[in-house]
Every structure is written in structure tokens, then in C-alpha cells.
Amino acid sequence: MSRKVVFKTYDQDQLSLLPPSYDDLVPKNHPVRVVNTIIDHLNINALEKSYKGGGTSSYHPRMLLKVIIYAYLRNLYSSRKIEQALQENIHFMWLSGQSTPDHNTINDFRGKRLKGHLKKIFNQVVILLSEQGYLSLKDLYVDGTKIEANANRYTFVWAKSIKTNRGKITKQLKELWRYVEQVYADEEQAPNTPNFEAIDPDSVSETIDQINQALEGKEVDKKVKQKLNYAKNNWPDNIDKYNKQEEQLSTRNSMSKTDPDATFMRMKDDHMQNGQLKPGYNLQAATNNQFIVNYTLAQTTADTTTLIDHLEDFIESYQDIPDSLTADAGYGSEENYTDLEDKNIEAFVKYNYFHKEQREEKTGKIKHPFATSKLYYNPDIDTYYCPMGQAMDHIGDYKRETKTGYQQTISRYQARNCQGCPLRSQCHKAKDNRIIERNHNLVRLKAKAKQKLLSTQGVVHRKRRCWDVEAVFGNIKHNMNFKRFMLRGINKVETEIGLIAMAHNLKKFSVNL
């Protein structure tokens, strides 16, 4: 016997006694309510004052801030998709109070209005989370990751190429002048030699004019005439272009033409295990309990030179110095150790070969027993001893400057006599007696770092760093699917990564409620 099928009532024209409220359609613990509540408690007076009076009315910056942060929390990064969500998604409609700013308004607010204001708003959120006990500003876990820029991967400028091309122009100018000298070889009075050292558009143009004047009225080779015409029309403009590109590069070795602030960096391997060289930015993040407490962007590929600026930015943001900082070997430099020591911050920062040293000590197998670091040093008499026990005397010091301008003091020691030593072929390859160089301050700082890293507290911090900061990058790149910036220029990109950081923190906070 078949049973009667019963369907639920479906009537699109059904009238309601009272109109439905969007508030009734949003669950009480939904993340959109978290965003709404948090942003309502923030001070955005500086952002509001950035608006000028007159003209048509503007959408309220607090509403736009809520919408953009919630959009990033929901992995919506396109201004057009955010515009669409404001018209179709109940959560966005509730959050915006049914305001419908278009994509141009959203993009203008994100790229221009938030510039210089978002970092202070982000700091307020972090302080609020800290006061509620979700994170601590006293223990930082620092690491970096590279994120691709919104730039063409194949339109690049290399500092080395600029130097090479400028050198080619100088070389060709000299060749042209040698031709002039050959033309005047039989004459007593030769023209004055131009200045080839000053390479700027005016100087290059003057040099070409001087060559043309010197050859005026002379029988000149047809190819030389063609080259001079080409040089007159192109070389000054090329030099001007090279100079501008060099100014944009500053201390970098590369940049993208479509986003000059982006540097070409080696990204992680793709699914085919191919190393990717792409324009990008180096994101530095300090975390605690998997919340981002500070972020900065660097244009350098290495993490080593970014730590001091990142730490200064943290101190300026919160007017406080952390108690401890944990980072991997990418940050282990003399300059960084010294800065942390000067700030009285307990540093659990690895250095190069830290893990290699641990393996050698554990197994007892030393791969390079004659290395400088393996030689015995007597600090009382400032003397090293070679593998045969011969004293190596201190023969002087010299200063060495790093790329960041940090001054290092290097001490030199030389063995007294290596002649006839049975270990010489294994010890060194130099013709004379062996000379070694040591940076005593770096040796001291590494020994101090090693002691901290191997302590009970150091082991705890080292283990925690892996799941604290690296998990944050995993969430941003894979769960939030943010692998490429939408905006161009470092100022706009800083705003965008700030939105990502705030969205990450609020998402984690809503999960913990």
C-alpha cells in the first residue's frame, strides 16, 4: 500500500504580518557578529578626520571597515565580489545596514583611505585580545614568508644589467673617441678628450656632440656616422632610464616593472618541484598563541636584515619591549644578537650550523676537525693553537662593514711555522703559515645563544615556534587562500596584509568563543 507524499508549504506570495529582520537571520555566535562587535569598540577618529567636508555624503568608514575585514575573513579579496556579496549575502547586508557601496568605493577605501591608519586599528585589536587573555605581548615568535606581488612575472629589471648596459655605453663612447684620435693622428692639434666618468643624460649628450664637432668636415666612415646618429637619439634617454631604475632599486638587486616596489624572490617549489622566481614581498610576522601581534613588509629576500626594523615597529606600536623573542637560524647574525642584547630581550634565536653542531656532539663524528671554530683558544693570552699544538699569534684587527652598515671587528692570527708539518695538507692550502680570522664578539654571542637554546626554557620555545608562527602562514596561504596580493605598491600592500592579519586574528578569536 503506497503512502501519501506530503510536501512542506511553499508559497512565494505569502504575506507576513511583520517584515522579517536580518538580525533574526544571523546566528548569535556567527563570525560576522564578532567583526561587528570588535570594530564597534575601536577608536577610528583619525580615519574619520581624514575625510574632507563638502560635496556629496560618504559611506561611513566604520561600515566599510567592517565589510572589508569580514570579506577577507571569508576569503573574498576582489572588490567586485565584495560588491556582489553586499547585494546577495544576508550577513553582508546585515553588517552594512543594507548599504551598497560599489567596487570603486571599496577599492578606494582599501587602497587610499586606510593608508597610514590600519596599523593603529590593528594594534587596538591586538591589545583588546591581550587584555582578554587570548595572547601575550611578552613572548614573540618571529618568522618570514614570501607572498607574490600583483605584477608581471616576466617584466623585470636587474641591478647587474643596468650596470652592464651603462658600461657598454661608456665603452662605445670611448671607442668612438679612439676613432676621432685616429682621424687626427696626422695633425698636431687634437681635440680635448671628453669626460667619460660622468654618466648622466646631459654628459652623454655633450660627449656625442663633442665627437660630432670633432669629426665635422672630416671624411667619416659610414658605420661610424650611423652609430653616432643612433647614439644621439637613444643613449641619453637610455641613461636617464637606467638612472631612474637605479634610484627605484636602491639597495635591491631586482624589481618588477609593473610594481617597482616588488623584488624578485625565490618562492617555494610548485607542485612540479620547480623553484619559482617571482616578484614578491617578504612578510615578517610576530605571533603569540597563533595570533599575529605585529607585521611588517620587507623588500629584501633574506630574513636576517629585517629583524631589527620589525622589532622597532613592534616597540613603537605598543610602547613596550617584549621579554623574549624566538626565531630560526635565518635571523642569527651578530647585528641581531647585539640589538636583542642591548634591548635586554631574552633571545632564543638559532645560528647557522646550530643543528649540525648538535649532531656532531651527539655522534662524536666531526666532519671538519681543522676548521677555525674547532681550534683551541686561550683568552688569557689571546692565542689560538693549531691542530699540532703550535701557537697562533694575534697579528692585528680590522673593521668590516655589512650591507646594513653594521661594523664588525675581525681579529687575525697566524701560525709561527707550518714548514714540515705532517698535517699541513689537511689543515690549510696557503703557501705561507696559516692565517685565521675570528669575530670574537660573534663567537661570544653564539655561545650565549647556544646556552639559551639548549636550556629547558629554550627547548620549550623552540618547539613552540614551529606550531605558533608557521601555522599562521599555513592558515593564510592555504585556508584563506591568500597567495598573491591584489594591490600594487608597498604602501597599499601593507594595508592589504594588515587586513589579512586582522581577519586571521578575528577568525581565530571567533573559533575560541
# chains A, B, ... in the order shown; residues from 1 in each chain; ligands from 1
call {"tool": "residues_around", "arguments": {"residues": "Thr296 (chain A)", "least_positions_apart": "3", "cutoff": "7 Å", "atoms": "only C-alpha atoms", "output": "PyMOL selection string"}}
result
chain A and resi 283-285+310
call {"tool": "write_last_selection", "arguments": {"atoms": "all heavy atoms", "output": "CSV table (one decimal), in the first residue's frame"}}
result
chain,number,residue,atom,x,y,z
A,283,LEU,N,57.0,39.0,3.9
A,283,LEU,CA,56.2,39.3,5.1
A,283,LEU,C,56.9,38.8,6.4
A,283,LEU,O,57.2,37.6,6.5
A,283,LEU,CB,54.8,38.6,4.9
A,283,LEU,CG,53.9,38.6,6.2
A,283,LEU,CD1,53.6,40.0,6.6
A,283,LEU,CD2,52.7,37.7,5.9
A,284,GLN,N,57.1,39.7,7.3
A,284,GLN,CA,57.6,39.3,8.6
A,284,GLN,C,56.5,39.4,9.7
A,284,GLN,O,55.8,40.4,9.7
A,284,GLN,CB,58.7,40.3,9.0
A,284,GLN,CG,59.9,40.2,8.1
A,284,GLN,CD,60.7,38.9,8.2
A,284,GLN,OE1,61.0,38.4,9.3
A,284,GLN,NE2,60.9,38.3,7.0
A,285,ALA,N,56.3,38.3,10.4
A,285,ALA,CA,55.2,38.3,11.4
A,285,ALA,C,55.7,37.9,12.7
A,285,ALA,O,56.5,36.9,12.8
A,285,ALA,CB,54.1,37.3,10.9
A,310,HIS,N,61.7,45.2,12.3
A,310,HIS,CA,60.4,44.6,12.7
A,310,HIS,C,60.2,44.8,14.2
A,310,HIS,O,59.1,45.1,14.7
A,310,HIS,CB,60.4,43.1,12.4
A,310,HIS,CG,59.1,42.4,12.7
A,310,HIS,ND1,58.0,42.5,12.0
A,310,HIS,CD2,58.8,41.6,13.8
A,310,HIS,CE1,57.0,41.8,12.5
A,310,HIS,NE2,57.5,41.2,13.6
call {"tool": "closest_atom_pairs", "arguments": {"of": "region 84-136 of chain A", "to": "region 29-38 of chain A", "cutoff": "8 Å", "atoms": "only C-alpha atoms", "output": "JSON lines"}}
result
{"residue": "A:His91", "atom": "CA", "partner": "A:Val32", "partner_atom": "CA", "distance": 6.7}
{"residue": "A:Leu95", "atom": "CA", "partner": "A:Asn36", "partner_atom": "CA", "distance": 6.9}
{"residue": "A:Val125", "atom": "CA", "partner": "A:Ile38", "partner_atom": "CA", "distance": 7.4}
call {"tool": "residues_around", "arguments": {"residues": "region 495-508 of chain A", "least_positions_apart": "5", "cutoff": "10 Å", "atoms": "only C-alpha atoms", "output": "PyMOL selection string"}}
result
chain A and resi 31-32+34-35+38+65+68-75+77+110-119+121-123+125-126+129+134+147+283+285+290-297+472+475-476+480+482+485-488+490+513
call {"tool": "closest_residue", "arguments": {"among": "A:Phe348, A:Ala262, A:Asn289, A:Asn479", "to": "Val460 (chain A)", "atoms": "only C-alpha atoms"}}
result
A:Phe348
call {"tool": "residues_around", "arguments": {"residues": "region 225-231 of chain A", "least_positions_apart": "6", "cutoff": "12 Å", "atoms": "only C-alpha atoms", "output": "list in words"}}
result
Lys168, Ile169, Thr170, Gln172, Leu173, Glu175, Leu176, Trp177, Tyr179, Val180, Pro201, Val204, Ser205, Glu206, Thr207, Ile208, Asp209, Gln210, Ile211, Asn212, Gln213, Leu215, Glu216, Lys218, Glu219, Asp237, Asn238 and Ile239 of chain A
call {"tool": "closest_atom_pairs", "arguments": {"of": "region 198-312 of chain A", "to": "region 148-159 of chain A", "cutoff": "10 Å", "atoms": "only C-alpha atoms", "output": "tab-separated table"}}
result
residue	atom	partner	partner_atom	distance
A:Tyr242	CA	A:Ala159	CA	9.3
A:Gln245	CA	A:Val157	CA	7.8
A:Glu246	CA	A:Ala159	CA	6.9
A:Leu249	CA	A:Ala159	CA	7.3
A:Ser250	CA	A:Ala159	CA	9.3
A:Thr251	CA	A:Ala159	CA	9.0
A:Arg252	CA	A:Ala159	CA	7.5
A:Asn253	CA	A:Ala159	CA	4.9
A:Ser254	CA	A:Trp158	CA	4.4
A:Met255	CA	A:Val157	CA	5.3
A:Ser256	CA	A:Phe156	CA	4.5
A:Lys257	CA	A:Thr155	CA	5.6
A:Thr258	CA	A:Ala151	CA	5.3
A:Asp259	CA	A:Ala151	CA	5.6
A:Pro260	CA	A:Val157	CA	8.9
A:Asp261	CA	A:Ala149	CA	9.2
A:Ala262	CA	A:Ala149	CA	6.4
A:Thr263	CA	A:Ala149	CA	8.6
A:Phe264	CA	A:Phe156	CA	8.0
A:Met265	CA	A:Glu148	CA	8.6
A:Met267	CA	A:Glu148	CA	8.1
A:Gln276	CA	A:Arg153	CA	10.0
A:Leu277	CA	A:Arg153	CA	8.1
A:Lys278	CA	A:Arg153	CA	5.7
A:Pro279	CA	A:Ala149	CA	5.5
A:Gly280	CA	A:Glu148	CA	4.1
A:Tyr281	CA	A:Glu148	CA	6.5
A:Asn282	CA	A:Glu148	CA	9.0
call {"tool": "write_last_selection", "arguments": {"atoms": "N, CA, C and O atoms", "output": "mmCIF file, in the first residue's frame"}}
result
data_model
loop_
_atom_site.group_PDB
_atom_site.id
_atom_site.type_symbol
_atom_site.label_atom_id
_atom_site.label_comp_id
_atom_site.auth_asym_id
_atom_site.auth_seq_id
_atom_site.Cartn_x
_atom_site.Cartn_y
_atom_site.Cartn_z
ATOM 1 N N TYR A 242 68.052 54.263 -17.033
ATOM 2 C CA TYR A 242 68.859 53.466 -16.105
ATOM 3 C C TYR A 242 68.991 54.158 -14.752
ATOM 4 O O TYR A 242 68.911 53.514 -13.696
ATOM 5 N N GLN A 245 65.724 53.848 -12.826
ATOM 6 C CA GLN A 245 65.557 52.481 -12.343
ATOM 7 C C GLN A 245 66.485 52.189 -11.171
ATOM 8 O O GLN A 245 66.096 51.533 -10.206
ATOM 9 N N GLU A 246 67.697 52.708 -11.248
ATOM 10 C CA GLU A 246 68.659 52.513 -10.163
ATOM 11 C C GLU A 246 68.189 53.189 -8.878
ATOM 12 O O GLU A 246 68.371 52.673 -7.778
ATOM 13 N N LEU A 249 65.522 51.022 -7.443
ATOM 14 C CA LEU A 249 66.094 49.790 -6.879
ATOM 15 C C LEU A 249 66.699 50.027 -5.508
ATOM 16 O O LEU A 249 66.609 49.180 -4.624
ATOM 17 N N SER A 250 67.348 51.171 -5.325
ATOM 18 C CA SER A 250 68.056 51.484 -4.078
ATOM 19 C C SER A 250 69.095 50.388 -3.819
ATOM 20 O O SER A 250 69.993 50.202 -4.633
ATOM 21 N N THR A 251 68.975 49.641 -2.725
ATOM 22 C CA THR A 251 69.953 48.600 -2.402
ATOM 23 C C THR A 251 69.534 47.226 -2.910
ATOM 24 O O THR A 251 70.251 46.248 -2.697
ATOM 25 N N ARG A 252 68.391 47.145 -3.597
ATOM 26 C CA ARG A 252 67.916 45.846 -4.087
ATOM 27 C C ARG A 252 68.657 45.445 -5.354
ATOM 28 O O ARG A 252 69.249 46.282 -6.028
ATOM 29 N N ASN A 253 68.571 44.164 -5.681
ATOM 30 C CA ASN A 253 69.229 43.684 -6.901
ATOM 31 C C ASN A 253 68.262 43.473 -8.056
ATOM 32 O O ASN A 253 68.675 43.161 -9.164
ATOM 33 N N SER A 254 66.949 43.622 -7.780
ATOM 34 C CA SER A 254 65.963 43.435 -8.850
ATOM 35 C C SER A 254 64.658 44.122 -8.477
ATOM 36 O O SER A 254 64.418 44.459 -7.317
ATOM 37 N N MET A 255 63.804 44.322 -9.487
ATOM 38 C CA MET A 255 62.461 44.846 -9.254
ATOM 39 C C MET A 255 61.596 44.509 -10.456
ATOM 40 O O MET A 255 62.093 44.154 -11.530
ATOM 41 N N SER A 256 60.291 44.631 -10.260
ATOM 42 C CA SER A 256 59.340 44.403 -11.343
ATOM 43 C C SER A 256 58.988 45.734 -11.992
ATOM 44 O O SER A 256 58.878 46.753 -11.311
ATOM 45 N N LYS A 257 58.783 45.730 -13.299
ATOM 46 C CA LYS A 257 58.410 46.963 -13.996
ATOM 47 C C LYS A 257 56.967 47.356 -13.703
ATOM 48 O O LYS A 257 56.637 48.536 -13.672
ATOM 49 N N THR A 258 56.097 46.357 -13.466
ATOM 50 C CA THR A 258 54.684 46.665 -13.224
ATOM 51 C C THR A 258 54.409 47.012 -11.760
ATOM 52 O O THR A 258 53.390 47.631 -11.463
ATOM 53 N N ASP A 259 55.285 46.609 -10.854
ATOM 54 C CA ASP A 259 55.229 47.038 -9.454
ATOM 55 C C ASP A 259 56.668 47.246 -8.998
ATOM 56 O O ASP A 259 57.306 46.320 -8.484
ATOM 57 N N PRO A 260 57.204 48.446 -9.178
ATOM 58 C CA PRO A 260 58.622 48.712 -8.884
ATOM 59 C C PRO A 260 59.015 48.452 -7.433
ATOM 60 O O PRO A 260 60.205 48.295 -7.135
ATOM 61 N N ASP A 261 58.047 48.406 -6.512
ATOM 62 C CA ASP A 261 58.371 48.131 -5.111
ATOM 63 C C ASP A 261 58.593 46.644 -4.849
ATOM 64 O O ASP A 261 59.129 46.265 -3.796
ATOM 65 N N ALA A 262 58.173 45.795 -5.784
ATOM 66 C CA ALA A 262 58.305 44.346 -5.612
ATOM 67 C C ALA A 262 59.685 43.883 -6.072
ATOM 68 O O ALA A 262 60.217 44.368 -7.071
ATOM 69 N N THR A 263 60.246 42.934 -5.335
ATOM 70 C CA THR A 263 61.565 42.370 -5.631
ATOM 71 C C THR A 263 61.391 40.925 -6.077
ATOM 72 O O THR A 263 60.541 40.204 -5.538
ATOM 73 N N PHE A 264 62.206 40.496 -7.019
ATOM 74 C CA PHE A 264 62.128 39.104 -7.460
ATOM 75 C C PHE A 264 62.747 38.200 -6.398
ATOM 76 O O PHE A 264 63.890 38.402 -5.981
ATOM 77 N N MET A 265 61.953 37.231 -5.956
ATOM 78 C CA MET A 265 62.359 36.347 -4.870
ATOM 79 C C MET A 265 62.133 34.897 -5.256
ATOM 80 O O MET A 265 61.251 34.590 -6.056
ATOM 81 N N MET A 267 60.501 31.729 -4.657
ATOM 82 C CA MET A 267 59.347 31.232 -3.922
ATOM 83 C C MET A 267 59.479 29.727 -3.687
ATOM 84 O O MET A 267 60.387 29.076 -4.215
ATOM 85 N N GLN A 276 60.457 28.682 -8.121
ATOM 86 C CA GLN A 276 59.801 29.789 -8.807
ATOM 87 C C GLN A 276 60.448 31.118 -8.417
ATOM 88 O O GLN A 276 60.520 31.456 -7.236
ATOM 89 N N LEU A 277 60.912 31.882 -9.409
ATOM 90 C CA LEU A 277 61.444 33.219 -9.187
ATOM 91 C C LEU A 277 60.362 34.211 -9.601
ATOM 92 O O LEU A 277 60.076 34.373 -10.781
ATOM 93 N N LYS A 278 59.749 34.857 -8.609
ATOM 94 C CA LYS A 278 58.606 35.728 -8.879
ATOM 95 C C LYS A 278 58.763 37.052 -8.134
ATOM 96 O O LYS A 278 59.436 37.116 -7.111
ATOM 97 N N PRO A 279 58.109 38.115 -8.628
ATOM 98 C CA PRO A 279 58.108 39.371 -7.875
ATOM 99 C C PRO A 279 57.256 39.200 -6.615
ATOM 100 O O PRO A 279 56.162 38.636 -6.671
ATOM 101 N N GLY A 280 57.771 39.680 -5.489
ATOM 102 C CA GLY A 280 57.026 39.495 -4.258
ATOM 103 C C GLY A 280 57.523 40.389 -3.140
ATOM 104 O O GLY A 280 58.401 41.242 -3.320
ATOM 105 N N TYR A 281 56.946 40.180 -1.970
ATOM 106 C CA TYR A 281 57.316 40.903 -0.754
ATOM 107 C C TYR A 281 57.590 39.877 0.346
ATOM 108 O O TYR A 281 56.985 38.800 0.369
ATOM 109 N N ASN A 282 58.482 40.234 1.243
ATOM 110 C CA ASN A 282 58.856 39.348 2.347
ATOM 111 C C ASN A 282 58.065 39.762 3.587
ATOM 112 O O ASN A 282 58.351 40.791 4.204
#
call {"tool": "residues_around", "arguments": {"residues": "region 334-338 of chain A", "least_positions_apart": "2", "cutoff": "9 Å", "atoms": "only C-alpha atoms", "output": "VMD selection string"}}
result
chain A and resid 304 to 305 307 to 308 331 to 332 340 to 343 347 349 406 to 408 441 to 443 445 to 446 449
call {"tool": "write_last_selection", "arguments": {"atoms": "N, CA and C atoms", "output": "mmCIF file, in the first residue's frame"}}
result
data_model
loop_
_atom_site.group_PDB
_atom_site.id
_atom_site.type_symbol
_atom_site.label_atom_id
_atom_site.label_comp_id
_atom_site.auth_asym_id
_atom_site.auth_seq_id
_atom_site.Cartn_x
_atom_site.Cartn_y
_atom_site.Cartn_z
ATOM 1 N N THR A 304 67.438 37.955 7.546
ATOM 2 C CA THR A 304 68.428 38.424 8.506
ATOM 3 C C THR A 304 68.343 39.922 8.760
ATOM 4 N N THR A 305 68.209 40.703 7.702
ATOM 5 C CA THR A 305 68.257 42.165 7.831
ATOM 6 C C THR A 305 66.910 42.787 8.193
ATOM 7 N N LEU A 307 64.929 41.831 11.002
ATOM 8 C CA LEU A 307 64.505 41.664 12.397
ATOM 9 C C LEU A 307 64.518 42.962 13.183
ATOM 10 N N ILE A 308 65.560 43.756 13.049
ATOM 11 C CA ILE A 308 65.687 44.986 13.853
ATOM 12 C C ILE A 308 64.547 45.950 13.545
ATOM 13 N N TYR A 331 67.726 34.360 11.251
ATOM 14 C CA TYR A 331 67.878 35.636 11.948
ATOM 15 C C TYR A 331 69.141 35.684 12.814
ATOM 16 N N GLY A 332 69.934 34.629 12.796
ATOM 17 C CA GLY A 332 71.099 34.541 13.671
ATOM 18 C C GLY A 332 72.312 35.280 13.142
ATOM 19 N N LEU A 340 69.303 42.633 20.249
ATOM 20 C CA LEU A 340 68.471 41.983 21.258
ATOM 21 C C LEU A 340 69.104 42.088 22.638
ATOM 22 N N GLU A 341 70.416 41.967 22.680
ATOM 23 C CA GLU A 341 71.143 42.088 23.951
ATOM 24 C C GLU A 341 71.034 43.508 24.506
ATOM 25 N N ASP A 342 71.176 44.499 23.615
ATOM 26 C CA ASP A 342 71.074 45.901 24.043
ATOM 27 C C ASP A 342 69.674 46.226 24.572
ATOM 28 N N LYS A 343 68.660 45.587 24.004
ATOM 29 C CA LYS A 343 67.272 45.834 24.441
ATOM 30 C C LYS A 343 66.880 44.954 25.626
ATOM 31 N N ALA A 347 66.824 36.167 23.988
ATOM 32 C CA ALA A 347 66.760 35.725 22.594
ATOM 33 C C ALA A 347 66.973 34.221 22.476
ATOM 34 N N VAL A 349 67.306 32.497 19.539
ATOM 35 C CA VAL A 349 67.496 32.621 18.091
ATOM 36 C C VAL A 349 68.637 31.703 17.663
ATOM 37 N N TYR A 406 76.542 47.855 9.544
ATOM 38 C CA TYR A 406 76.999 47.426 10.868
ATOM 39 C C TYR A 406 78.498 47.133 10.831
ATOM 40 N N GLN A 407 79.217 47.636 11.827
ATOM 41 C CA GLN A 407 80.674 47.480 11.890
ATOM 42 C C GLN A 407 81.052 46.228 12.677
ATOM 43 N N GLN A 408 81.807 45.347 12.050
ATOM 44 C CA GLN A 408 82.320 44.143 12.709
ATOM 45 C C GLN A 408 83.823 44.268 12.908
ATOM 46 N N ASN A 441 83.335 38.865 19.105
ATOM 47 C CA ASN A 441 82.016 39.244 19.621
ATOM 48 C C ASN A 441 80.950 38.279 19.129
ATOM 49 N N LEU A 442 81.041 37.866 17.860
ATOM 50 C CA LEU A 442 80.079 36.911 17.318
ATOM 51 C C LEU A 442 80.233 35.549 17.987
ATOM 52 N N VAL A 443 81.474 35.137 18.253
ATOM 53 C CA VAL A 443 81.722 33.871 18.947
ATOM 54 C C VAL A 443 81.073 33.896 20.331
ATOM 55 N N LEU A 445 78.538 35.829 21.316
ATOM 56 C CA LEU A 445 77.089 35.870 21.184
ATOM 57 C C LEU A 445 76.512 34.506 20.800
ATOM 58 N N LYS A 446 77.233 33.755 19.955
ATOM 59 C CA LYS A 446 76.777 32.412 19.576
ATOM 60 C C LYS A 446 76.818 31.467 20.770
ATOM 61 N N ALA A 449 73.893 32.300 22.840
ATOM 62 C CA ALA A 449 72.668 31.806 22.199
ATOM 63 C C ALA A 449 72.541 30.292 22.357
#
call {"tool": "closest_residue", "arguments": {"among": "A:Lys399, A:Ser58, A:Gln14, A:Arg266", "to": "Thr301 (chain A)", "atoms": "only C-alpha atoms"}}
result
A:Arg266
call {"tool": "atom_distance", "arguments": {"atom1": "CA of Ala430 (chain A)", "atom2": "CA of Asn352 (chain A)"}}
result
25.9 Å
call {"tool": "closest_residue", "arguments": {"among": "A:Ser411, A:Thr306, A:Asn104, A:Ser57", "to": "Thr145 (chain A)", "atoms": "only C-alpha atoms"}}
result
A:Thr306
call {"tool": "select_by_dssp", "arguments": {"residues": "region 69-205 of chain A", "states": "strand (DSSP E)", "output": "list in words"}}
result
Asp139, Leu140, Tyr141, Val142, Asp143, Gly144, Thr145, Lys146, Ile147, Glu148, Phe156, Val157 and Trp158 of chain A
call {"tool": "write_last_selection", "arguments": {"atoms": "C-alpha atoms", "output": "PDB file, in the first residue's frame"}}
result
ATOM      1  CA  ASP A 139      56.811  36.373  24.186  1.00  0.00           C
ATOM      2  CA  LEU A 140      57.202  36.744  20.430  1.00  0.00           C
ATOM      3  CA  TYR A 141      57.688  34.066  17.784  1.00  0.00           C
ATOM      4  CA  VAL A 142      59.070  35.551  14.581  1.00  0.00           C
ATOM      5  CA  ASP A 143      59.348  34.173  11.063  1.00  0.00           C
ATOM      6  CA  GLY A 144      59.012  35.333   7.475  1.00  0.00           C
ATOM      7  CA  THR A 145      57.287  34.142   4.330  1.00  0.00           C
ATOM      8  CA  LYS A 146      57.239  35.416   0.767  1.00  0.00           C
ATOM      9  CA  ILE A 147      53.997  36.415  -0.934  1.00  0.00           C
ATOM     10  CA  GLU A 148      53.745  37.056  -4.659  1.00  0.00           C
ATOM     11  CA  PHE A 156      61.888  42.623 -14.594  1.00  0.00           C
ATOM     12  CA  VAL A 157      64.861  44.922 -14.030  1.00  0.00           C
ATOM     13  CA  TRP A 158      68.182  43.666 -12.627  1.00  0.00           C
TER      14      TRP A 158
END
